[in-house]
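Structure data (TSV, C-alpha atoms) from model-v8.tsv:
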```
chain	number	residue	atom	x	y	z
K	1	MET	CA	11.36	17.36	-18.40
K	2	GLN	CA	10.84	18.33	-22.06
K	3	TRP	CA	12.30	15.02	-23.22
K	4	GLY	CA	10.05	13.14	-20.83
K	5	LEU	CA	6.95	14.94	-22.07
K	6	ALA	CA	7.97	14.33	-25.69
K	7	LEU	CA	8.48	10.60	-25.08
K	8	ALA	CA	5.24	10.33	-23.13
K	9	THR	CA	3.34	12.10	-25.92
K	10	LEU	CA	4.85	9.77	-28.51
K	11	VAL	CA	3.95	6.66	-26.55
K	12	LEU	CA	0.41	7.88	-25.87
K	13	PHE	CA	-0.12	8.79	-29.52
K	14	PHE	CA	0.87	5.37	-30.79
K	15	THR	CA	-1.03	3.46	-28.13
K	16	ILE	CA	-4.22	5.49	-28.60
K	17	VAL	CA	-4.18	6.09	-32.36
K	18	GLY	CA	-1.88	3.28	-33.50
K	19	PRO	CA	-4.35	0.38	-33.46
K	20	TRP	CA	-6.48	2.20	-36.05
K	21	LEU	CA	-3.45	2.72	-38.28
K	22	VAL	CA	-2.36	-0.93	-38.34
K	23	PRO	CA	-4.38	-3.16	-40.71
K	24	HIS	CA	-4.08	-6.23	-38.49
K	25	ASP	CA	-6.24	-7.54	-35.67
K	26	PRO	CA	-3.97	-8.17	-32.65
K	27	LEU	CA	-6.13	-11.16	-31.66
K	28	GLU	CA	-6.67	-12.72	-35.08
K	29	PRO	CA	-4.25	-15.57	-35.93
K	30	ASP	CA	-2.91	-16.04	-39.45
K	31	TYR	CA	-1.65	-19.60	-39.83
K	32	ARG	CA	-0.19	-18.76	-43.23
K	33	ALA	CA	2.32	-16.34	-41.65
K	34	LEU	CA	3.71	-18.13	-38.62
K	35	TYR	CA	6.97	-16.65	-37.28
K	36	ALA	CA	7.19	-14.25	-40.22
K	37	ALA	CA	10.21	-11.96	-40.35
K	38	PRO	CA	9.75	-8.16	-40.29
K	39	SER	CA	8.41	-6.79	-43.57
K	40	PHE	CA	6.26	-3.98	-44.89
K	41	MET	CA	3.24	-6.15	-44.13
K	42	HIS	CA	4.38	-7.04	-40.59
K	43	LEU	CA	6.79	-4.41	-39.24
K	44	LEU	CA	7.89	-6.55	-36.29
K	45	GLY	CA	7.04	-9.93	-37.76
K	46	THR	CA	4.48	-12.35	-36.35
K	47	ASP	CA	4.33	-14.72	-33.41
K	48	GLY	CA	3.71	-18.46	-33.22
K	49	LEU	CA	0.05	-18.00	-34.13
K	50	GLY	CA	0.71	-15.60	-36.98
K	51	ARG	CA	-0.51	-12.56	-35.04
K	52	ASP	CA	1.14	-9.27	-35.92
K	53	VAL	CA	3.60	-8.34	-33.14
K	54	PHE	CA	3.43	-4.61	-33.88
K	55	ALA	CA	-0.36	-4.64	-33.64
K	56	ARG	CA	-0.18	-6.58	-30.37
K	57	THR	CA	2.37	-4.13	-29.00
K	58	LEU	CA	0.13	-1.16	-29.75
K	59	ALA	CA	-2.96	-2.87	-28.34
K	60	GLY	CA	-1.02	-4.09	-25.32
K	61	GLY	CA	0.10	-0.55	-24.60
K	62	ARG	CA	-3.50	0.50	-24.05
K	63	VAL	CA	-4.05	-2.23	-21.46
K	64	SER	CA	-0.71	-1.74	-19.69
K	65	LEU	CA	-1.03	2.04	-19.48
K	66	VAL	CA	-4.64	1.93	-18.32
K	67	ILE	CA	-3.74	-0.53	-15.56
K	68	ALA	CA	-0.67	1.43	-14.41
K	69	LEU	CA	-2.33	4.86	-14.48
K	70	THR	CA	-5.59	3.67	-12.90
K	71	ALA	CA	-3.73	1.82	-10.16
K	72	THR	CA	-1.65	4.95	-9.51
K	73	CYS	CA	-4.84	6.99	-9.05
K	74	VAL	CA	-6.33	4.34	-6.77
K	75	THR	CA	-3.27	4.04	-4.55
K	76	ALA	CA	-2.80	7.82	-4.38
K	77	LEU	CA	-6.46	8.40	-3.48
K	78	LEU	CA	-6.54	5.73	-0.76
K	79	GLY	CA	-3.16	6.65	0.70
K	80	THR	CA	-3.86	10.40	0.64
K	81	LEU	CA	-7.24	10.06	2.32
K	82	ALA	CA	-5.85	7.72	4.99
K	83	GLY	CA	-2.85	9.98	5.60
K	84	LEU	CA	-5.00	13.10	5.94
K	85	VAL	CA	-7.39	11.33	8.32
K	86	ALA	CA	-4.52	10.08	10.49
K	87	ALA	CA	-2.85	13.50	10.63
K	88	GLN	CA	-6.01	15.50	11.30
K	89	LEU	CA	-7.73	13.22	13.81
K	90	GLY	CA	-4.66	11.93	15.60
K	91	GLY	CA	-5.02	9.85	18.74
K	92	ARG	CA	-6.42	6.35	18.37
K	93	TRP	CA	-7.26	6.83	14.67
K	94	ASP	CA	-3.68	7.78	13.92
K	95	ALA	CA	-2.25	4.92	15.95
K	96	ALA	CA	-4.57	2.34	14.36
K	97	LEU	CA	-3.88	3.45	10.80
K	98	VAL	CA	-0.13	3.56	11.42
K	99	ARG	CA	-0.19	-0.03	12.72
K	100	ILE	CA	-2.22	-1.25	9.72
K	101	PHE	CA	0.03	0.33	7.12
K	102	ASP	CA	3.20	-0.61	8.98
K	103	ALA	CA	2.02	-4.22	8.78
K	104	LEU	CA	1.56	-3.88	5.01
K	105	LEU	CA	4.99	-2.26	4.68
K	106	ALA	CA	6.52	-5.31	6.35
K	107	PHE	CA	5.93	-7.19	3.10
K	108	PRO	CA	8.17	-6.50	0.10
K	109	GLY	CA	6.10	-4.60	-2.47
K	110	PHE	CA	6.18	-7.18	-5.25
K	111	LEU	CA	5.47	-10.00	-2.80
K	112	LEU	CA	2.41	-8.14	-1.53
K	113	VAL	CA	1.19	-7.73	-5.12
K	114	LEU	CA	1.65	-11.45	-5.73
K	115	LEU	CA	-0.29	-12.30	-2.57
K	116	VAL	CA	-3.21	-10.06	-3.54
K	117	VAL	CA	-3.25	-11.39	-7.13
K	118	ALA	CA	-3.15	-14.94	-5.83
K	119	ALA	CA	-6.12	-14.19	-3.58
K	120	LEU	CA	-8.19	-12.33	-6.18
K	121	GLY	CA	-7.09	-14.11	-9.34
K	122	GLY	CA	-5.72	-12.67	-12.57
K	123	GLY	CA	-7.43	-10.01	-14.64
K	124	THR	CA	-7.43	-6.29	-15.31
K	125	VAL	CA	-9.49	-5.23	-12.27
K	126	GLN	CA	-7.66	-7.64	-9.99
K	127	THR	CA	-4.27	-6.33	-11.12
K	128	ILE	CA	-5.35	-2.73	-10.50
K	129	LEU	CA	-6.57	-3.63	-7.01
K	130	ALA	CA	-3.37	-5.52	-6.23
K	131	LEU	CA	-1.18	-2.61	-7.29
K	132	GLY	CA	-3.42	-0.16	-5.46
K	133	VAL	CA	-3.21	-2.07	-2.19
K	134	ALA	CA	0.55	-2.53	-2.47
K	135	GLY	CA	1.22	1.15	-3.14
K	136	THR	CA	-1.13	2.67	-0.56
K	137	PRO	CA	1.23	2.41	2.48
K	138	LEU	CA	3.88	4.54	0.76
K	139	TYR	CA	1.38	7.34	0.09
K	140	PHE	CA	-0.02	7.04	3.60
K	141	ARG	CA	3.37	7.63	5.18
K	142	LEU	CA	4.23	10.41	2.71
K	143	VAL	CA	0.95	12.30	3.14
K	144	ARG	CA	0.78	11.76	6.90
K	145	GLY	CA	4.26	13.20	7.34
K	146	PHE	CA	3.56	16.28	5.22
K	147	ALA	CA	0.13	16.80	6.79
K	148	ARG	CA	1.47	16.62	10.35
K	149	THR	CA	3.97	19.33	9.44
K	150	ALA	CA	1.44	21.47	7.57
K	151	ARG	CA	-1.14	21.49	10.38
K	152	ASP	CA	1.15	23.76	12.40
K	153	LEU	CA	1.42	26.39	9.66
K	154	ASP	CA	-0.10	29.79	10.38
K	155	HIS	CA	-2.74	29.75	7.63
K	156	VAL	CA	-3.88	26.26	8.66
K	157	GLN	CA	-4.23	27.28	12.29
K	158	ALA	CA	-6.06	30.42	11.22
K	159	ALA	CA	-8.53	28.39	9.17
K	160	ARG	CA	-9.14	26.11	12.12
K	161	ALA	CA	-9.58	29.10	14.42
K	162	ILE	CA	-12.37	30.60	12.31
K	163	GLY	CA	-14.30	27.35	12.42
K	164	ALA	CA	-13.15	25.33	9.40
K	165	GLY	CA	-13.85	21.63	9.94
K	166	PRO	CA	-11.26	18.84	9.57
K	167	LEU	CA	-12.38	17.97	6.02
K	168	ARG	CA	-12.26	21.55	4.75
K	169	THR	CA	-8.97	22.21	6.53
K	170	SER	CA	-7.39	19.10	5.03
K	171	LEU	CA	-8.54	19.63	1.45
K	172	ARG	CA	-8.37	23.43	1.19
K	173	HIS	CA	-5.38	24.29	3.37
K	174	VAL	CA	-3.25	21.22	4.14
K	175	LEU	CA	-3.26	19.25	0.87
K	176	PRO	CA	-2.13	22.15	-1.38
K	177	THR	CA	1.05	22.59	0.68
K	178	PHE	CA	2.55	19.34	-0.62
K	179	LEU	CA	0.94	18.86	-4.04
K	180	GLY	CA	4.33	19.29	-5.71
K	181	PRO	CA	6.10	16.39	-3.97
K	182	LEU	CA	2.93	14.34	-4.33
K	183	THR	CA	2.96	14.90	-8.10
K	184	VAL	CA	6.57	13.74	-8.28
K	185	GLN	CA	5.63	10.57	-6.43
K	186	LEU	CA	2.69	9.99	-8.79
K	187	ALA	CA	4.96	9.95	-11.84
K	188	THR	CA	7.46	7.66	-10.10
K	189	THR	CA	4.69	5.31	-8.98
K	190	ALA	CA	3.21	5.07	-12.48
K	191	ALA	CA	6.62	4.10	-13.88
K	192	GLY	CA	7.03	1.43	-11.21
K	193	PHE	CA	3.54	0.07	-11.75
K	194	LEU	CA	4.23	-0.30	-15.48
K	195	LEU	CA	7.17	-2.55	-14.69
K	196	VAL	CA	5.27	-4.53	-12.04
K	197	GLU	CA	2.28	-5.04	-14.36
K	198	ALA	CA	4.61	-6.22	-17.12
K	199	SER	CA	6.26	-8.62	-14.67
K	200	LEU	CA	2.92	-10.05	-13.60
K	201	SER	CA	1.79	-10.54	-17.20
K	202	TYR	CA	5.16	-12.04	-18.07
K	203	LEU	CA	4.70	-14.58	-15.27
K	204	GLY	CA	1.14	-15.32	-16.38
K	205	LEU	CA	-0.39	-13.79	-13.22
K	206	GLY	CA	-1.75	-10.56	-14.66
K	207	VAL	CA	-4.14	-9.97	-17.54
K	208	SER	CA	-5.29	-13.25	-19.05
K	209	LEU	CA	-4.48	-14.23	-22.61
K	210	PRO	CA	-5.32	-13.62	-25.39
K	211	THR	CA	-5.64	-9.96	-24.30
K	212	PRO	CA	-2.24	-8.47	-25.12
K	213	THR	CA	-0.13	-6.48	-22.68
K	214	TRP	CA	3.52	-5.58	-22.97
K	215	GLY	CA	4.37	-8.26	-20.43
K	216	ASN	CA	2.68	-11.22	-22.12
K	217	VAL	CA	3.85	-10.12	-25.59
K	218	LEU	CA	7.38	-10.28	-24.19
K	219	GLN	CA	6.57	-13.69	-22.73
K	220	ASP	CA	5.47	-14.92	-26.16
K	221	ALA	CA	8.77	-13.71	-27.62
K	222	ARG	CA	10.94	-15.24	-24.89
K	223	ALA	CA	10.97	-18.80	-26.22
K	224	LEU	CA	12.28	-17.71	-29.62
K	225	LEU	CA	14.47	-14.82	-28.51
K	226	MET	CA	17.59	-16.10	-30.30
K	227	ARG	CA	15.69	-16.98	-33.46
K	228	GLN	CA	13.39	-13.93	-33.58
K	229	PRO	CA	14.85	-11.11	-31.46
K	230	TRP	CA	12.67	-8.58	-33.28
K	231	ALA	CA	9.57	-10.02	-31.59
K	232	ALA	CA	10.73	-8.61	-28.24
K	233	LEU	CA	11.88	-5.31	-29.70
K	234	GLY	CA	8.48	-3.61	-29.87
K	235	PRO	CA	7.13	-4.27	-26.35
K	236	GLY	CA	10.59	-3.89	-24.83
K	237	LEU	CA	11.17	-0.47	-26.39
K	238	ALA	CA	7.63	0.68	-25.59
K	239	LEU	CA	7.98	-0.35	-21.95
K	240	GLY	CA	11.42	1.24	-21.66
K	241	MET	CA	10.32	4.51	-23.30
K	242	SER	CA	7.24	4.74	-21.08
K	243	THR	CA	9.08	4.23	-17.80
K	244	LEU	CA	11.92	6.53	-18.91
K	245	SER	CA	9.49	9.30	-19.86
K	246	LEU	CA	7.72	9.12	-16.49
K	247	GLN	CA	11.01	9.19	-14.60
K	248	LEU	CA	12.19	12.19	-16.63
K	249	ILE	CA	8.93	13.98	-15.89
K	250	ALA	CA	9.30	13.20	-12.18
K	251	ASP	CA	12.90	14.47	-12.20
K	252	GLY	CA	11.83	17.62	-14.04
K	253	ILE	CA	9.10	18.39	-11.51
K	254	ARG	CA	11.50	17.70	-8.65
K	255	ASP	CA	14.09	20.09	-10.13
K	256	ALA	CA	11.44	22.76	-10.70
K	257	LEU	CA	10.43	22.57	-7.04
K	258	ASP	CA	14.03	22.70	-5.79
K	259	PRO	CA	14.74	26.31	-4.73
K	260	LYS	CA	18.47	25.81	-5.29
K	261	ARG	CA	17.84	24.95	-8.95
K	262	ASN	CA	15.10	27.41	-9.85
K	263	GLY	CA	16.92	30.40	-8.35
K	264	THR	CA	14.49	31.20	-5.56
K	265	TRP	CA	16.87	30.16	-2.78
```
Written as structure tokens, how would this file's structure read?
Amino acid sequence: MQWGLALATLVLFFTIVGPWLVPHDPLEPDYRALYAAPSFMHLLGTDGLGRDVFARTLAGGRVSLVIALTATCVTALLGTLAGLVAAQLGGRWDAALVRIFDALLAFPGFLLVLLVVAALGGGTVQTILALGVAGTPLYFRLVRGFARTARDLDHVQAARAIGAGPLRTSLRHVLPTFLGPLTVQLATTAAGFLLVEASLSYLGLGVSLPTPTWGNVLQDARALLMRQPWAALGPGLALGMSTLSLQLIADGIRDALDPKRNGTW
């Protein structure tokens, strides 16, 4: 997990601080430096409008990470609340929510994202909503399963016996029993959302140009990949390092929670 945290820290540092360290505006074209090769002035060269690729990679990282992390929070919040409600109330509420989310799970994840984006249109908020809707069924099933198991634990039954309501029981006694696995899923989801957001931007369905994201910077570099491979190097490495760091963090948390690995079993 240490390598994952180190990579994540490096990526966050450059995406947050980097744009102030680069003397180029990622949106400002320079028609005197079209398709420039890498140099001390332009570390990753320029694109077809003379915009600095390194500056666009750093600026695009802010947008891509904000979308992926915000969408992860949205999908986790919606799925967790729905799962807790279904597990605690049971009966018709449980059956209705299970049917709704089963219907959403019938669609492949990326197809569901495309359908929501097509309905709402492209943009930052629309992409976050699309990812949030597509990821909610997974969290619903995960949380509902854990919550149905946790409600039979002794301390949960004791809390219910002394008069704790469903909301207090869910948040104070049920939810903490599976925060570890939920955290692992959060890191995995964020990594997946980074790739999906990049795919949407690459296809022209995500954040609208000229706002840079890692996906549309890669799209700009695609046409001249053989002539200027360095143009795809920055966003490609940034995207790969980000997803790798999140997966390493998820694996590290999973290993720390495994009793066979941490010596508590």
Surrounding residues of Pro137 in chain K excluding itself and chain neighbours under 2 positions, 10 Å, only C-alpha atoms, as a CSV table (one decimal) with C-alpha atoms, keeping the file's coordinate frame:
```csv
chain,number,residue,atom,x,y,z
K,75,THR,CA,-3.3,4.0,-4.6
K,76,ALA,CA,-2.8,7.8,-4.4
K,78,LEU,CA,-6.5,5.7,-0.8
K,79,GLY,CA,-3.2,6.6,0.7
K,80,THR,CA,-3.9,10.4,0.6
K,82,ALA,CA,-5.8,7.7,5.0
K,83,GLY,CA,-2.8,10.0,5.6
K,97,LEU,CA,-3.9,3.4,10.8
K,98,VAL,CA,-0.1,3.6,11.4
K,100,ILE,CA,-2.2,-1.2,9.7
K,101,PHE,CA,0.0,0.3,7.1
K,102,ASP,CA,3.2,-0.6,9.0
K,103,ALA,CA,2.0,-4.2,8.8
K,104,LEU,CA,1.6,-3.9,5.0
K,105,LEU,CA,5.0,-2.3,4.7
K,109,GLY,CA,6.1,-4.6,-2.5
K,132,GLY,CA,-3.4,-0.2,-5.5
K,133,VAL,CA,-3.2,-2.1,-2.2
K,134,ALA,CA,0.6,-2.5,-2.5
K,135,GLY,CA,1.2,1.2,-3.1
K,139,TYR,CA,1.4,7.3,0.1
K,140,PHE,CA,0.0,7.0,3.6
K,141,ARG,CA,3.4,7.6,5.2
K,142,LEU,CA,4.2,10.4,2.7
K,143,VAL,CA,1.0,12.3,3.1
```
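Minimum atom-to-atom distances from K:Met41, K:Ala187, K:Leu195, K:Met226 to Gly240 in chain K were compared using all atoms listed in the file, and the lowest value belongs to K:Leu195.
Among the candidates K:Gly61, K:Gly206, K:Gly48, K:Gly90, the one nearest to Ala118 in chain K when counting only C-alpha atoms is K:Gly206.
Interatomic distance, CA of Glu197 in chain K against CA of Leu5 in chain K: 21.9 Å.
Excluding Thr243 in chain K and any residue on its chain fewer than 2 positions from it, the residues at most 8 Å away by only C-alpha atoms are Ala190, Ala191, Gly192, Leu194, Leu195, Leu239, Gly240, Met241, Ser245, Leu246 and Gln247 of chain K.
Shortest separation to Ser201 in chain K among K:Thr177, K:Ser64, K:Thr188, K:Thr15 occurs at residue K:Ser64, atoms counted being only C-alpha atoms.
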